[in-house]
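Undergrad: Provided below: input-v5.csv, containing CSV, C-alpha atoms (C1' of nucleotides).
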chain,number,residue,atom,x,y,z
A,1,MET,CA,30.0,-8.3,-0.7
A,2,THR,CA,33.2,-7.6,1.2
A,3,LEU,CA,33.8,-9.2,4.5
A,4,GLU,CA,33.3,-5.8,6.2
A,5,ALA,CA,30.0,-5.3,4.5
A,6,GLU,CA,28.9,-8.7,5.6
A,7,GLN,CA,29.8,-8.1,9.2
A,8,LEU,CA,28.1,-4.7,9.1
A,9,THR,CA,24.8,-6.0,7.8
A,10,TYR,CA,25.0,-8.9,10.2
A,11,ARG,CA,25.4,-6.5,13.1
A,12,PHE,CA,22.7,-4.3,11.7
A,13,PHE,CA,20.1,-7.1,11.6
A,14,THR,CA,21.2,-8.3,15.0
A,15,GLU,CA,20.5,-4.9,16.5
A,16,ILE,CA,17.2,-4.8,14.7
A,17,GLY,CA,16.3,-8.1,16.3
A,18,ILE,CA,17.3,-7.1,19.8
A,19,ILE,CA,15.5,-3.7,19.6
A,20,PHE,CA,12.4,-5.4,18.2
A,21,GLN,CA,12.4,-7.9,21.1
A,22,LEU,CA,12.9,-5.3,23.8
A,23,SER,CA,10.3,-2.9,22.4
A,24,THR,CA,7.8,-5.6,21.8
A,25,THR,CA,8.1,-6.8,25.4
A,26,LEU,CA,7.9,-3.2,26.7
A,27,LEU,CA,4.7,-2.6,24.7
A,28,GLU,CA,3.1,-5.8,25.6
A,29,ASP,CA,3.6,-5.1,29.3
A,30,HIS,CA,1.1,-2.3,28.8
A,31,LEU,CA,-1.4,-4.1,26.6
A,32,PRO,CA,-4.5,-5.6,28.2
A,33,GLY,CA,-4.8,-9.4,28.7
A,34,ARG,CA,-3.0,-11.3,26.0
A,35,MET,CA,-3.2,-8.7,23.3
A,36,THR,CA,-0.1,-9.0,21.1
A,37,SER,CA,2.0,-6.1,19.7
A,38,ARG,CA,1.0,-7.4,16.3
A,39,GLU,CA,-2.7,-6.9,17.1
A,40,PHE,CA,-1.9,-3.4,18.4
A,41,GLY,CA,0.0,-2.6,15.3
A,42,MET,CA,-2.8,-3.6,13.1
A,43,LEU,CA,-5.3,-1.6,15.2
A,44,GLY,CA,-3.2,1.5,14.8
A,45,HIS,CA,-3.0,0.9,11.1
A,46,LEU,CA,-6.8,0.8,10.9
A,47,VAL,CA,-7.3,3.7,13.2
A,48,ARG,CA,-5.2,5.8,10.8
A,49,ARG,CA,-7.3,4.5,7.9
A,50,PRO,CA,-10.9,5.0,8.9
A,51,GLU,CA,-12.2,3.7,5.5
A,52,GLY,CA,-10.9,0.3,6.5
A,53,ARG,CA,-8.7,-2.3,4.8
A,54,THR,CA,-9.3,-5.9,3.6
A,55,PRO,CA,-7.4,-8.7,5.4
A,56,LEU,CA,-5.3,-9.2,2.3
A,57,GLU,CA,-4.2,-5.6,2.2
A,58,ILE,CA,-3.3,-5.8,5.8
A,59,ALA,CA,-1.3,-9.0,5.2
A,60,LYS,CA,0.6,-7.2,2.4
A,61,ALA,CA,1.2,-4.1,4.5
A,62,PHE,CA,2.6,-6.1,7.4
A,63,GLN,CA,4.2,-8.9,5.3
A,64,LEU,CA,2.3,-11.6,7.2
A,65,PRO,CA,0.6,-14.8,6.0
A,66,LYS,CA,-3.1,-14.3,5.4
A,67,THR,CA,-3.9,-16.9,8.0
A,68,SER,CA,-2.1,-15.0,10.7
A,69,VAL,CA,-4.0,-11.9,9.8
A,70,THR,CA,-7.3,-13.8,10.0
A,71,HIS,CA,-6.4,-14.8,13.5
A,72,SER,CA,-5.2,-11.4,14.7
A,73,LEU,CA,-8.3,-9.6,13.3
A,74,SER,CA,-10.6,-12.0,15.0
A,75,MET,CA,-8.9,-11.3,18.3
A,76,LEU,CA,-9.4,-7.5,17.7
A,77,GLU,CA,-13.1,-8.2,16.7
A,78,ALA,CA,-13.6,-10.1,19.9
A,79,ARG,CA,-12.6,-7.0,21.9
A,80,SER,CA,-14.9,-4.9,19.8
A,81,LEU,CA,-12.0,-2.8,18.7
A,82,ILE,CA,-12.7,-3.5,15.0
A,83,ALA,CA,-15.6,-4.7,13.0
A,84,PHE,CA,-16.2,-6.1,9.5
A,85,ALA,CA,-18.3,-4.9,6.7
A,86,PRO,CA,-18.8,-6.6,3.4
A,87,ASN,CA,-16.6,-5.5,0.5
A,88,PRO,CA,-19.0,-3.9,-2.1
A,89,ALA,CA,-16.4,-4.5,-4.8
A,90,ASP,CA,-15.9,-8.3,-4.1
A,91,ALA,CA,-18.2,-10.7,-2.3
A,92,ARG,CA,-15.3,-13.0,-1.4
A,93,SER,CA,-13.8,-10.2,0.6
A,94,LYS,CA,-14.6,-8.1,3.6
A,95,ILE,CA,-13.4,-4.8,5.1
A,96,ALA,CA,-12.0,-4.5,8.6
A,97,TYR,CA,-12.4,-1.1,10.2
A,98,ALA,CA,-11.7,0.4,13.6
A,99,THR,CA,-14.7,0.9,15.9
A,100,SER,CA,-15.2,4.1,17.9
A,101,GLN,CA,-13.6,2.5,20.9
A,102,ALA,CA,-10.3,1.9,19.0
A,103,ASP,CA,-9.1,5.5,18.8
A,104,PRO,CA,-9.2,6.3,22.5
A,105,PHE,CA,-7.8,2.8,23.3
A,106,VAL,CA,-4.8,3.3,21.0
A,107,LYS,CA,-4.2,6.9,22.2
A,108,GLU,CA,-4.2,5.7,25.8
A,109,ILE,CA,-1.7,2.9,25.3
A,110,ASN,CA,0.5,5.2,23.2
A,111,HIS,CA,0.3,7.8,26.0
A,112,VAL,CA,1.4,5.3,28.7
A,113,VAL,CA,4.2,3.9,26.5
A,114,ASN,CA,5.4,7.3,25.7
A,115,GLU,CA,5.5,8.2,29.4
A,116,ARG,CA,7.5,5.1,29.9
A,117,LEU,CA,9.9,5.9,27.1
A,118,SER,CA,10.2,9.5,27.9
A,119,PRO,CA,13.3,9.4,30.1
A,120,LEU,CA,15.1,7.2,27.6
A,121,VAL,CA,14.3,9.6,24.8
A,122,ALA,CA,15.3,12.6,26.8
A,123,ASP,CA,18.6,10.8,27.7
A,124,LEU,CA,19.5,9.8,24.2
A,125,GLY,CA,18.1,12.8,22.5
A,126,VAL,CA,15.4,12.8,19.9
A,127,ASP,CA,18.1,13.2,17.3
A,128,THR,CA,19.3,9.6,17.8
A,129,PHE,CA,15.9,8.5,16.5
A,130,ALA,CA,15.6,11.2,13.9
A,131,SER,CA,19.0,10.3,12.5
A,132,ALA,CA,18.4,6.6,12.3
A,133,LEU,CA,14.9,6.9,10.8
A,134,PRO,CA,15.7,7.9,7.1
A,135,HIS,CA,18.2,5.0,6.9
A,136,LEU,CA,15.7,2.6,8.3
A,137,GLU,CA,13.1,3.8,5.8
A,138,ALA,CA,15.5,3.3,2.9
A,139,ILE,CA,16.4,-0.2,4.0
A,140,ARG,CA,12.8,-1.1,4.6
A,141,VAL,CA,11.8,0.1,1.2
A,142,ALA,CA,14.6,-1.8,-0.5
A,143,LEU,CA,13.9,-5.0,1.5
A,144,ASP,CA,10.2,-4.7,0.7
A,145,GLY,CA,11.0,-4.2,-3.0
A,146,GLU,CA,13.3,-7.2,-3.0
A,147,ARG,CA,10.7,-9.8,-2.4
A,148,ASP,CA,10.6,-12.2,-5.3
B,1,MET,CA,7.7,14.3,25.2
B,2,THR,CA,6.6,16.6,22.5
B,3,LEU,CA,4.2,15.5,19.9
B,4,GLU,CA,6.9,15.5,17.3
B,5,ALA,CA,9.1,13.3,19.5
B,6,GLU,CA,6.3,10.9,20.0
B,7,GLN,CA,5.6,10.6,16.3
B,8,LEU,CA,9.2,10.1,15.6
B,9,THR,CA,9.7,7.3,18.1
B,10,TYR,CA,6.5,5.7,16.9
B,11,ARG,CA,7.7,5.7,13.3
B,12,PHE,CA,11.1,4.5,14.4
B,13,PHE,CA,9.6,1.4,16.2
B,14,THR,CA,7.3,0.9,13.3
B,15,GLU,CA,10.2,0.7,10.9
B,16,ILE,CA,12.0,-1.7,13.3
B,17,GLY,CA,9.0,-4.0,13.3
B,18,ILE,CA,8.7,-4.1,9.5
B,19,ILE,CA,12.4,-4.6,8.9
B,20,PHE,CA,12.4,-7.3,11.5
B,21,GLN,CA,9.5,-9.1,9.9
B,22,LEU,CA,11.0,-8.8,6.4
B,23,SER,CA,14.5,-9.9,7.4
B,24,THR,CA,13.2,-12.8,9.5
B,25,THR,CA,11.1,-14.1,6.6
B,26,LEU,CA,14.1,-13.7,4.3
B,27,LEU,CA,16.4,-15.6,6.6
B,28,GLU,CA,13.9,-18.4,7.4
B,29,ASP,CA,13.4,-19.0,3.6
B,30,HIS,CA,17.0,-20.2,3.7
B,31,LEU,CA,16.9,-22.2,6.9
B,32,PRO,CA,16.4,-26.0,6.9
B,33,GLY,CA,13.0,-27.4,7.8
B,34,ARG,CA,11.3,-25.5,10.5
B,35,MET,CA,14.3,-23.9,12.0
B,36,THR,CA,13.4,-20.4,13.3
B,37,SER,CA,15.5,-17.3,13.0
B,38,ARG,CA,15.6,-17.3,16.8
B,39,GLU,CA,17.3,-20.7,16.9
B,40,PHE,CA,19.7,-19.5,14.2
B,41,GLY,CA,20.5,-16.4,16.2
B,42,MET,CA,21.3,-18.5,19.3
B,43,LEU,CA,23.4,-20.8,17.3
B,44,GLY,CA,25.5,-17.9,16.0
B,45,HIS,CA,25.8,-16.6,19.5
B,46,LEU,CA,27.2,-19.9,20.7
B,47,VAL,CA,29.5,-20.4,17.7
B,48,ARG,CA,31.1,-17.1,18.5
B,49,ARG,CA,31.5,-18.2,22.2
B,50,PRO,CA,33.1,-21.6,22.0
B,51,GLU,CA,33.3,-21.9,25.8
B,52,GLY,CA,29.5,-22.1,25.8
B,53,ARG,CA,26.8,-20.3,27.8
B,54,THR,CA,24.1,-21.4,30.2
B,55,PRO,CA,20.5,-21.2,29.2
B,56,LEU,CA,19.9,-18.3,31.6
B,57,GLU,CA,22.8,-16.3,30.1
B,58,ILE,CA,21.3,-16.8,26.7
B,59,ALA,CA,17.9,-15.8,28.0
B,60,LYS,CA,19.4,-12.6,29.3
B,61,ALA,CA,21.4,-11.9,26.1
B,62,PHE,CA,18.3,-12.2,23.9
B,63,GLN,CA,15.8,-10.9,26.4
B,64,LEU,CA,13.7,-14.0,26.2
B,65,PRO,CA,11.8,-16.0,28.8
B,66,LYS,CA,13.8,-18.9,30.1
B,67,THR,CA,11.2,-21.3,29.0
B,68,SER,CA,11.5,-20.2,25.4
B,69,VAL,CA,15.2,-20.7,25.5
B,70,THR,CA,14.8,-24.2,26.8
B,71,HIS,CA,12.7,-25.0,23.8
B,72,SER,CA,14.9,-23.4,21.2
B,73,LEU,CA,18.0,-25.1,22.6
B,74,SER,CA,16.3,-28.5,22.6
B,75,MET,CA,15.5,-28.0,18.9
B,76,LEU,CA,19.2,-27.1,18.2
B,77,GLU,CA,20.3,-30.1,20.2
B,78,ALA,CA,17.9,-32.4,18.2
B,79,ARG,CA,19.8,-31.2,15.1
B,80,SER,CA,23.2,-32.0,16.8
B,81,LEU,CA,24.2,-28.3,16.2
B,82,ILE,CA,24.7,-27.8,20.0
B,83,ALA,CA,25.3,-30.1,22.9
B,84,PHE,CA,25.1,-29.7,26.7
B,85,ALA,CA,27.7,-30.2,29.4
B,86,PRO,CA,27.2,-30.0,33.1
B,87,ASN,CA,28.1,-26.7,34.7
B,88,PRO,CA,31.0,-27.4,37.1
B,89,ALA,CA,30.1,-24.3,39.0
B,90,ASP,CA,26.5,-25.2,39.7
B,91,ALA,CA,24.7,-28.6,39.5
B,92,ARG,CA,21.4,-27.0,38.8
B,93,SER,CA,22.7,-25.5,35.6
B,94,LYS,CA,24.2,-26.7,32.4
B,95,ILE,CA,26.3,-25.3,29.6
B,96,ALA,CA,25.2,-25.2,25.9
B,97,TYR,CA,27.9,-25.1,23.4
B,98,ALA,CA,28.1,-25.4,19.6
B,99,THR,CA,29.2,-28.7,18.1
B,100,SER,CA,31.8,-29.0,15.3
B,101,GLN,CA,28.9,-29.1,12.8
B,102,ALA,CA,27.6,-25.7,13.9
B,103,ASP,CA,30.4,-23.4,12.5
B,104,PRO,CA,30.2,-24.7,8.9
B,105,PHE,CA,26.4,-24.7,9.1
B,106,VAL,CA,26.3,-21.0,10.2
B,107,LYS,CA,28.9,-20.0,7.7
B,108,GLU,CA,27.0,-21.6,4.8
B,109,ILE,CA,23.6,-20.0,5.7
B,110,ASN,CA,25.3,-16.6,6.2
B,111,HIS,CA,26.9,-17.0,2.8
B,112,VAL,CA,23.7,-17.8,1.0
B,113,VAL,CA,21.8,-15.0,2.8
B,114,ASN,CA,24.6,-12.5,2.0
B,115,GLU,CA,24.5,-13.5,-1.7
B,116,ARG,CA,20.8,-12.9,-1.6
B,117,LEU,CA,21.2,-9.5,0.1
B,118,SER,CA,24.2,-8.4,-2.0
B,119,PRO,CA,22.3,-6.5,-4.8
B,120,LEU,CA,20.3,-4.7,-2.2
B,121,VAL,CA,23.3,-3.7,-0.2
B,122,ALA,CA,25.1,-2.6,-3.4
B,123,ASP,CA,22.1,-0.6,-4.4
B,124,LEU,CA,21.7,1.2,-1.1
B,125,GLY,CA,25.3,1.4,-0.3
B,126,VAL,CA,27.0,0.0,2.7
B,127,ASP,CA,26.9,3.4,4.2
B,128,THR,CA,23.2,3.3,4.8
B,129,PHE,CA,23.8,0.4,7.2
B,130,ALA,CA,27.0,1.9,8.6
B,131,SER,CA,25.2,5.2,9.3
B,132,ALA,CA,22.3,3.6,11.1
B,133,LEU,CA,24.3,1.2,13.2
B,134,PRO,CA,25.7,3.5,15.9
B,135,HIS,CA,22.3,5.0,16.5
B,136,LEU,CA,20.7,1.5,16.8
B,137,GLU,CA,23.4,0.5,19.2
B,138,ALA,CA,22.8,3.5,21.4
B,139,ILE,CA,19.1,2.9,21.4
B,140,ARG,CA,19.5,-0.8,22.1
B,141,VAL,CA,21.8,-0.1,25.0
B,142,ALA,CA,19.4,2.4,26.5
B,143,LEU,CA,16.4,0.2,26.1
B,144,ASP,CA,18.3,-2.7,27.6
B,145,GLY,CA,19.4,-0.6,30.6
B,146,GLU,CA,15.8,0.7,31.0
B,147,ARG,CA,14.3,-2.6,32.1
B,148,ASP,CA,13.0,-2.4,35.6
C,1,DC,C1',-22.2,-18.2,-22.0
C,2,DT,C1',-19.2,-21.9,-20.0
C,3,DA,C1',-15.2,-24.0,-18.3
C,4,DT,C1',-10.9,-23.2,-16.1
C,5,DA,C1',-7.7,-20.6,-13.6
C,6,DT,C1',-7.2,-17.4,-10.1
C,7,DT,C1',-8.2,-15.1,-5.8
C,8,DA,C1',-10.1,-13.9,-0.7
C,9,DG,C1',-10.7,-15.8,3.2
C,10,DT,C1',-11.1,-19.7,6.5
C,11,DT,C1',-10.3,-24.3,8.6
C,12,DC,C1',-7.3,-27.5,10.3
C,13,DG,C1',-3.2,-29.4,12.0
C,14,DA,C1',1.6,-28.8,13.5
C,15,DT,C1',4.6,-26.3,16.1
C,16,DA,C1',6.4,-22.0,18.6
C,17,DT,C1',5.9,-19.0,22.4
C,18,DC,C1',5.5,-18.0,27.0
C,19,DG,C1',3.2,-17.7,31.8
C,20,DT,C1',2.7,-20.5,35.9
C,21,DA,C1',3.9,-24.1,38.7
C,22,DT,C1',7.3,-27.5,40.0
C,23,DT,C1',11.8,-29.8,41.0
C,24,DA,C1',16.4,-29.8,42.3
C,25,DG,C1',20.3,-27.4,43.9
C,26,DT,C1',22.5,-23.3,46.3
C,27,DT,C1',23.1,-19.6,49.6
C,28,DG,C1',23.1,-17.1,53.8
C,29,DG,C1',22.0,-16.4,58.5
C,30,DA,C1',21.0,-18.0,63.1
D,1,DT,C1',24.5,-27.5,60.8
D,2,DC,C1',20.2,-26.5,59.5
D,3,DC,C1',16.5,-24.3,57.2
D,4,DA,C1',14.3,-20.6,54.8
D,5,DA,C1',14.9,-17.9,50.8
D,6,DC,C1',16.5,-18.0,46.4
D,7,DT,C1',17.8,-19.7,41.8
D,8,DA,C1',18.4,-22.8,37.3
D,9,DA,C1',15.9,-25.4,34.5
D,10,DT,C1',11.9,-28.0,33.1
D,11,DA,C1',6.9,-29.6,32.7
D,12,DC,C1',2.6,-28.3,31.5
D,13,DG,C1',-1.1,-25.8,29.6
D,14,DA,C1',-2.9,-21.9,26.9
D,15,DT,C1',-2.5,-19.4,23.0
D,16,DA,C1',0.0,-17.5,18.7
D,17,DT,C1',1.8,-18.5,14.3
D,18,DC,C1',1.7,-20.2,9.9
D,19,DG,C1',1.7,-23.9,5.9
D,20,DA,C1',-1.6,-26.7,3.3
D,21,DA,C1',-5.9,-27.8,2.0
D,22,DC,C1',-10.5,-26.1,1.3
D,23,DT,C1',-14.6,-23.1,-0.1
D,24,DA,C1',-16.7,-19.6,-2.5
D,25,DA,C1',-16.5,-15.9,-5.7
D,26,DT,C1',-14.3,-13.6,-9.6
D,27,DA,C1',-11.7,-13.3,-13.9
D,28,DT,C1',-10.6,-15.0,-18.3
D,29,DA,C1',-10.2,-17.7,-22.5
D,30,DG,C1',-12.6,-19.7,-26.0
Taking this structure as input, can you express it in the form of structure tokens?
TA:
Amino acid sequence: MTLEAEQLTYRFFTEIGIIFQLSTTLLEDHLPGRMTSREFGMLGHLVRRPEGRTPLEIAKAFQLPKTSVTHSLSMLEARSLIAFAPNPADARSKIAYATSQADPFVKEINHVVNERLSPLVADLGVDTFASALPHLEAIRVALDGERD
Amino acid sequence: MTLEAEQLTYRFFTEIGIIFQLSTTLLEDHLPGRMTSREFGMLGHLVRRPEGRTPLEIAKAFQLPKTSVTHSLSMLEARSLIAFAPNPADARSKIAYATSQADPFVKEINHVVNERLSPLVADLGVDTFASALPHLEAIRVALDGERD
DNA sequence: CTATATTAGTTCGATATCGTATTAGTTGGA
DNA sequence: TCCAACTAATACGATATCGAACTAATATAG
């Protein structure tokens, strides 16, 4: 890697970190109680997959330790936003799925956050996001495939 | 915001979250003991600013609660990678600065991580990062300015 | 079949994160 | 000059995160 390439990737990941921090804080300002952005992310994942997912599948999708997923899912269960069913294919396992309360909950939060972001998006132009997205996807796929 | 714009920004921030998670895990695999990527980020910040920064300045730069910064800096101090000096301008305050060990430490970690990333960057092309960067910077600046 | 290795999920313990309250120092106005 | 409002940093407590060890179930080799 050339020095320039190193500096470029360094700056790239630095920006990723700052944007992540800022957007997480912004989202969490609109989440109830001590719900984390991680929990909200998992909930959205399950809402878009009504057939449910096992904790291990969620751990892989989010690249998180199993034990962190256990914790986050139990928080969501405590709020009755998800529930568990036994996994018919494997008695060691179980399936987490979104309850009927989850979809309106996620929609409402997304609505509020979008209202909050709307001036910013209008100001920058949607194209800024649209232009960045394919590059981010490519990098995400490559990073994801990189794991040894 | 149109529905399309909402979906676009949603996907954008989702990608940010996944890339952050993957890159953080990758970096922390190469950090000693239980050093976090956050601590490493602060250390790099101080290495590039030899005159030092107050904890509050660091909190603003990284958009973190002061109390989290206190903790992270104390971890870096325990490793003798930073030290504190009194702030001549304000006795309530103090200045954190990188010690002589910090620069070689940061360089070495960056070197190892760059080696690790090099096939990925070669595969994708540096341009993928270069193309994304200005958009990320624009979004970061806008988000940063948005804070009420 | 049975023993062994592997796998899904949890428990437990250590530490990171962060909100609230506190302490010490600074500032600005009467 | 004084004091009330403000500010920098920390102490403390609650909770999030995650590695290691554990339990129960499944897969596999013989």
Undergrad: What are the closest atom pairs, with distances in Å to one decimal, for each residue of chain C lying within 12 Å of range 68-84 of chain A, using only C-alpha atoms (C1' of nucleotides), rows by chain and rising residue number, as JSON lines?
TA:
{"residue": "C:DA8", "atom": "C1'", "partner": "A:Thr70", "partner_atom": "CA", "distance": 11.1}
{"residue": "C:DG9", "atom": "C1'", "partner": "A:Thr70", "partner_atom": "CA", "distance": 7.9}
{"residue": "C:DT10", "atom": "C1'", "partner": "A:Thr70", "partner_atom": "CA", "distance": 7.8}
{"residue": "C:DT11", "atom": "C1'", "partner": "A:Thr70", "partner_atom": "CA", "distance": 11.0}
Undergrad: Return as a VMD selection string the residues belonging to chain A that are within 8 Å of chain C, counting all atoms listed in the file.
TA: chain A and resid 56 67 70 92 to 93
Undergrad: Please produce an output containing C-alpha atoms for each residue in the selection, written as a short mmCIF file (atom, residue, chain, number, x, y, z; two decimals), in the coordinates of the input.
TA:
data_model
loop_
_atom_site.label_atom_id
_atom_site.label_comp_id
_atom_site.auth_asym_id
_atom_site.auth_seq_id
_atom_site.Cartn_x
_atom_site.Cartn_y
_atom_site.Cartn_z
CA LEU A 56 -5.30 -9.20 2.30
CA THR A 67 -3.90 -16.90 8.00
CA THR A 70 -7.30 -13.80 10.00
CA ARG A 92 -15.30 -13.00 -1.40
CA SER A 93 -13.80 -10.20 0.60
#
Undergrad: Would you pick out the contacts of Glu146 in chain A at 10 Å or less, using all atoms listed in the file, so that residues sharing its chain but fewer than 5 positions from it are not included, and give the list as a list in words?
TA: Arg140 and Val141 of chain A; Leu22, Leu26, Arg116, Leu117, Pro119 and Leu120 of chain B
Undergrad: Once you count only C-alpha atoms (C1' of nucleotides), which residues of chain D turn out to be within 9 Å of chain B? Could you give them as a ChimeraX atom specification?
TA: /D:7-10
Undergrad: When you count only C-alpha atoms, which of these residues is closest to chain B: A:Leu31, A:Leu43, A:Val106, A:Ala61?
TA: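 Under the stated criterion, the closest residue is A:Ala61.
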Undergrad: What are the residues of chain B that have an atom within 6 Å of an atom of chain A, counting all atoms listed in the file, as number ranges by chain?
TA: B: 12, 19, 118, 128, 132-133, 135, 140
Undergrad: Could you jot down the CA of Ser100 in chain B to CA of Lys60 in chain B separation for me, Å, one decimal place?
TA: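 Between these atoms lies a distance of 24.9 Å.
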Undergrad: Got a minute to add N, CA and C atoms to range 131-147 of chain B and dump it as a CSV table (one decimal), in the coordinates of the input?
TA:
chain,number,residue,atom,x,y,z
B,131,SER,N,25.7,3.9,8.7
B,131,SER,CA,25.2,5.2,9.3
B,131,SER,C,24.2,4.9,10.4
B,132,ALA,N,23.3,3.9,10.1
B,132,ALA,CA,22.3,3.6,11.1
B,132,ALA,C,22.8,2.9,12.3
B,133,LEU,N,23.8,2.1,12.1
B,133,LEU,CA,24.3,1.2,13.2
B,133,LEU,C,24.6,1.8,14.5
B,134,PRO,N,25.4,2.9,14.6
B,134,PRO,CA,25.7,3.5,15.9
B,134,PRO,C,24.4,4.0,16.6
B,135,HIS,N,23.5,4.5,15.9
B,135,HIS,CA,22.3,5.0,16.5
B,135,HIS,C,21.5,3.8,17.1
B,136,LEU,N,21.4,2.7,16.3
B,136,LEU,CA,20.7,1.5,16.8
B,136,LEU,C,21.4,1.0,18.0
B,137,GLU,N,22.7,1.0,18.0
B,137,GLU,CA,23.4,0.5,19.2
B,137,GLU,C,23.1,1.3,20.4
B,138,ALA,N,23.1,2.6,20.2
B,138,ALA,CA,22.8,3.5,21.4
B,138,ALA,C,21.4,3.3,21.9
B,139,ILE,N,20.4,3.1,21.0
B,139,ILE,CA,19.1,2.9,21.4
B,139,ILE,C,18.9,1.5,22.1
B,140,ARG,N,19.6,0.5,21.5
B,140,ARG,CA,19.5,-0.8,22.1
B,140,ARG,C,20.1,-0.8,23.5
B,141,VAL,N,21.2,-0.2,23.7
B,141,VAL,CA,21.8,-0.1,25.0
B,141,VAL,C,20.9,0.6,26.0
B,142,ALA,N,20.3,1.7,25.6
B,142,ALA,CA,19.4,2.4,26.5
B,142,ALA,C,18.2,1.6,26.8
B,143,LEU,N,17.6,1.0,25.8
B,143,LEU,CA,16.4,0.2,26.1
B,143,LEU,C,16.8,-1.0,27.0
B,144,ASP,N,17.9,-1.6,26.8
B,144,ASP,CA,18.3,-2.7,27.6
B,144,ASP,C,18.6,-2.3,29.1
B,145,GLY,N,19.1,-1.1,29.2
B,145,GLY,CA,19.4,-0.6,30.6
B,145,GLY,C,18.1,-0.1,31.3
B,146,GLU,N,17.1,0.2,30.5
B,146,GLU,CA,15.8,0.7,31.0
B,146,GLU,C,15.0,-0.3,31.8
B,147,ARG,N,15.2,-1.6,31.5
B,147,ARG,CA,14.3,-2.6,32.1
B,147,ARG,C,14.3,-2.5,33.6
